[in-house]
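Next up, model_39.cif (mmCIF, C-alpha atoms):
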data_final
#
loop_
_atom_site.label_atom_id
_atom_site.label_comp_id
_atom_site.auth_asym_id
_atom_site.auth_seq_id
_atom_site.Cartn_x
_atom_site.Cartn_y
_atom_site.Cartn_z
CA MET A 1 -57.83 11.08 20.86
CA THR A 2 -54.36 9.93 19.82
CA GLN A 3 -51.67 9.43 22.33
CA THR A 4 -48.19 10.71 21.82
CA PRO A 5 -45.43 8.29 22.66
CA ASP A 6 -43.54 9.09 25.79
CA ALA A 7 -39.93 10.26 25.63
CA SER A 8 -38.46 6.81 26.28
CA ALA A 9 -40.29 5.36 23.27
CA ARG A 10 -39.10 8.18 21.01
CA TYR A 11 -35.50 7.77 22.12
CA SER A 12 -35.55 4.02 21.81
CA GLY A 13 -36.55 4.45 18.15
CA TRP A 14 -33.81 7.00 17.66
CA LYS A 15 -31.29 4.72 19.37
CA ARG A 16 -32.40 1.82 17.20
CA GLY A 17 -31.85 3.95 14.08
CA LEU A 18 -28.45 5.01 15.28
CA ALA A 19 -27.50 1.43 16.07
CA LEU A 20 -28.60 0.31 12.60
CA GLY A 21 -26.67 3.16 10.99
CA LEU A 22 -23.55 2.37 12.98
CA GLY A 23 -23.96 -1.31 12.18
CA ALA A 24 -24.18 -0.54 8.45
CA PHE A 25 -21.10 1.68 8.74
CA ALA A 26 -19.17 -1.06 10.57
CA PHE A 27 -20.22 -3.59 7.94
CA SER A 28 -19.02 -1.31 5.13
CA LEU A 29 -15.66 -0.91 6.91
CA VAL A 30 -15.31 -4.69 7.17
CA VAL A 31 -16.11 -5.07 3.47
CA ALA A 32 -13.68 -2.30 2.47
CA THR A 33 -10.95 -3.75 4.69
CA GLY A 34 -11.57 -7.17 3.21
CA MET A 35 -11.22 -5.77 -0.29
CA MET A 36 -7.94 -4.08 0.63
CA ALA A 37 -6.73 -7.22 2.37
CA LYS A 38 -7.44 -9.23 -0.78
CA ALA A 39 -4.48 -7.51 -2.41
CA GLN A 40 -2.37 -8.69 0.52
CA VAL A 41 -3.42 -12.37 0.39
CA PRO A 42 -1.79 -14.44 -2.33
CA ASP A 43 -3.33 -17.63 -3.63
CA GLU A 44 -0.03 -19.42 -3.30
CA GLU A 45 3.13 -18.15 -1.63
CA ASP A 46 5.58 -19.92 -3.91
CA GLU A 47 8.59 -17.71 -4.49
CA ASN A 48 9.85 -20.18 -7.10
CA ASN A 49 6.78 -19.50 -9.26
CA LYS A 50 8.09 -16.27 -10.83
CA PRO A 51 5.06 -15.58 -13.08
CA ALA A 52 2.66 -15.91 -10.12
CA MET A 53 4.92 -13.76 -8.00
CA ILE A 54 5.06 -11.01 -10.65
CA ALA A 55 1.28 -11.15 -11.15
CA HIS A 56 0.70 -10.87 -7.42
CA GLY A 57 3.21 -8.02 -7.22
CA HIS A 58 1.34 -6.19 -9.99
CA GLU A 59 -1.91 -6.64 -8.06
CA VAL A 60 -0.39 -5.36 -4.81
CA PHE A 61 1.18 -2.45 -6.72
CA ASN A 62 -2.20 -1.51 -8.23
CA HIS A 63 -4.03 -1.74 -4.90
CA ILE A 64 -1.45 -0.08 -2.68
CA CYS A 65 1.52 1.53 -4.40
CA ALA A 66 -0.38 3.10 -7.32
CA GLN A 67 -2.15 5.41 -4.89
CA CYS A 68 1.03 7.51 -4.94
CA HIS A 69 3.36 6.01 -7.56
CA SER A 70 3.21 5.29 -11.27
CA ASP A 71 4.69 2.29 -13.04
CA LYS A 72 5.00 4.36 -16.23
CA LYS A 73 8.31 5.89 -17.29
CA GLY A 74 8.63 9.56 -16.33
CA VAL A 75 5.17 9.80 -14.72
CA ASN A 76 5.65 11.18 -11.23
CA ARG A 77 2.75 11.57 -8.83
CA VAL A 78 2.82 12.22 -5.09
CA GLY A 79 5.72 9.77 -5.20
CA PRO A 80 8.24 9.26 -8.01
CA SER A 81 7.71 6.91 -10.94
CA LEU A 82 8.85 3.42 -10.04
CA PHE A 83 9.61 2.51 -13.65
CA GLY A 84 13.27 1.48 -13.65
CA VAL A 85 13.63 1.88 -9.88
CA VAL A 86 15.50 -1.42 -9.46
CA GLY A 87 19.12 -0.58 -10.18
CA ARG A 88 18.58 3.20 -9.91
CA LYS A 89 20.32 5.31 -7.29
CA ALA A 90 17.85 6.43 -4.62
CA GLY A 91 16.54 9.96 -4.97
CA THR A 92 17.44 10.42 -8.62
CA GLU A 93 14.20 10.10 -10.63
CA PRO A 94 14.19 13.19 -12.90
CA GLY A 95 11.49 15.74 -12.19
CA PHE A 96 10.69 14.58 -8.65
CA ALA A 97 11.38 16.69 -5.55
CA TYR A 98 12.86 14.25 -3.03
CA SER A 99 13.31 14.79 0.69
CA GLU A 100 16.84 15.54 1.87
CA ALA A 101 16.90 12.15 3.61
CA MET A 102 16.22 10.33 0.33
CA LYS A 103 18.67 12.46 -1.64
CA ASN A 104 21.36 11.74 0.95
CA PHE A 105 20.63 8.01 1.21
CA GLY A 106 23.11 7.43 -1.61
CA LYS A 107 22.41 3.74 -2.23
CA VAL A 108 21.22 1.93 -5.33
CA TRP A 109 17.81 0.27 -5.15
CA THR A 110 18.64 -3.42 -5.14
CA SER A 111 16.23 -6.19 -4.24
CA ASP A 112 17.74 -6.29 -0.76
CA GLU A 113 17.51 -2.52 -0.21
CA LEU A 114 13.90 -2.48 -1.42
CA THR A 115 13.04 -5.40 0.87
CA HIS A 116 14.22 -3.42 3.90
CA TYR A 117 12.70 -0.16 2.72
CA LEU A 118 9.28 -1.64 1.94
CA TRP A 119 9.12 -3.24 5.39
CA ASP A 120 9.17 0.20 7.05
CA PRO A 121 10.33 3.14 4.91
CA GLN A 122 10.73 5.63 7.75
CA ALA A 123 12.71 3.21 9.89
CA TRP A 124 15.05 2.30 7.01
CA ILE A 125 15.63 5.91 5.93
CA PRO A 126 14.85 8.25 8.86
CA GLY A 127 13.37 11.53 7.68
CA VAL A 128 12.05 10.17 4.40
CA ALA A 129 8.85 11.85 3.20
CA MET A 130 7.11 8.57 2.29
CA HIS A 131 4.45 8.16 4.98
CA PHE A 132 3.58 4.51 4.52
CA ALA A 133 3.41 1.83 7.19
CA GLY A 134 5.11 -0.68 4.92
CA LEU A 135 4.39 -4.10 3.48
CA LYS A 136 4.71 -6.41 6.46
CA ARG A 137 4.20 -9.70 4.63
CA LYS A 138 7.43 -11.01 3.11
CA TRP A 139 5.56 -12.48 0.13
CA ASN A 140 4.03 -9.10 -0.72
CA ARG A 141 7.38 -7.32 -0.54
CA HIS A 142 9.09 -9.92 -2.71
CA ALA A 143 6.19 -9.96 -5.16
CA VAL A 144 6.19 -6.16 -5.55
CA ILE A 145 9.94 -6.19 -6.06
CA ALA A 146 9.60 -8.97 -8.67
CA TYR A 147 7.04 -6.78 -10.47
CA LEU A 148 9.26 -3.69 -10.19
CA GLU A 149 12.13 -5.69 -11.72
CA THR A 150 10.04 -6.06 -14.89
CA LEU A 151 9.67 -2.28 -15.29
CA HIS A 152 12.56 -1.26 -17.50
CA ASP A 153 13.43 -0.52 -21.11
#

Would you mind giving the structure from this file in structure tokens?
Amino acid sequence: MTQTPDASARYSGWKRGLALGLGAFAFSLVVATGMMAKAQVPDEEDENNKPAMIAHGHEVFNHICAQCHSDKKGVNRVGPSLFGVVGRKAGTEPGFAYSEAMKNFGKVWTSDELTHYLWDPQAWIPGVAMHFAGLKRKWNRHAVIAYLETLHD
């Protein structure tokens, strides 16, 4: 005659399976976070090395900004095209429906303005529709701006 395991044995197996599943999930989150963080960690933070800065900015753009923005002229997505953004008046990319806050901002996107905006968009322009926590590392902001400066005719 076979014995059936008691309830505590059945639940301990179930709990073990749940723990393994949660462990695998946690591991996958760590891996995914590490991959995202890779775009945020430069090999060398040398702002005098313009080619390295532009390359890093392109990498950060592709990993973070390209989720909503394009670096191609006239290609708007959830956010406006960032081709030619440096030197352009805020809220004026043709074919994009900007928030009133962005339309009323009235400033030209200079390196300095972009530095402040990319730190915390909603703090710099209250009411802006861009829901993004910002690029908190100075190197990443400067690198993205260096890359954006290359996007022009």

Q.
What does the structure give for the distance between CA of Asn49 in chain A and CA of Ala143 in chain A, in Å to one decimal?
A.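 Interatomic distance, CA of Asn49 in chain A to CA of Ala143 in chain A: 10.4 Å.
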
Q) CA of Ala146 in chain A and CA of Ser99 in chain A are how many Å apart? A) 25.8 Å

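Straight-line separation from CA of Val144 in chain A to CA of Ala52 in chain A: 11.3 Å.
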
(Q) Here's the selection I'm unsure about, the PyMOL selection byres ((chain A and resi 102-107) around 10); applied to the file above, which residues does it give, as an NGL selection string? (A) :A and (87-92 or 97-101 or 108-110 or 113 or 124-130)

Q) Glu149 in chain A: which residues within 12 Å, counting all atoms listed in the file, same-chain residues fewer than 3 positions away excluded, as a ChimeraX atom specification? A) /A:50,53-54,57-58,71,82-88,109-111,114,142-146,152-153

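Between Gln122 in chain A and the residues A:Arg141, A:Lys72, A:Ala55, A:Gly134, the shortest atom-to-atom distance, using all atoms listed in the file, involves A:Gly134.
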
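For the structure shown here, the set of residues caught by the PyMOL selection byres ((chain A and resi 76) around 12) is Ala66, Gln67, Cys68, His69, Ser70, Asp71, Lys72, Lys73, Gly74, Val75, Arg77, Val78, Gly79, Pro80, Ser81, Leu82, Phe83, Glu93, Pro94, Gly95, Phe96, Ala97 and Tyr98 of chain A.
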
Taking every listed atom of range 112-129 of chain A and adding 8 Å to each side, what centre and edge lengths in Å (one decimal) does the axis-aligned box have, as AutoDock Vina command-line options?
--center_x 13.3 --center_y 2.8 --center_z 4.2 --size_x 24.9 --size_y 34.1 --size_z 27.3

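Candidate residues A:Thr150, A:Cys65, A:Leu118, A:Ala123 were compared for distance to Leu135 in chain A, and the nearest is A:Leu118, using all atoms listed in the file.
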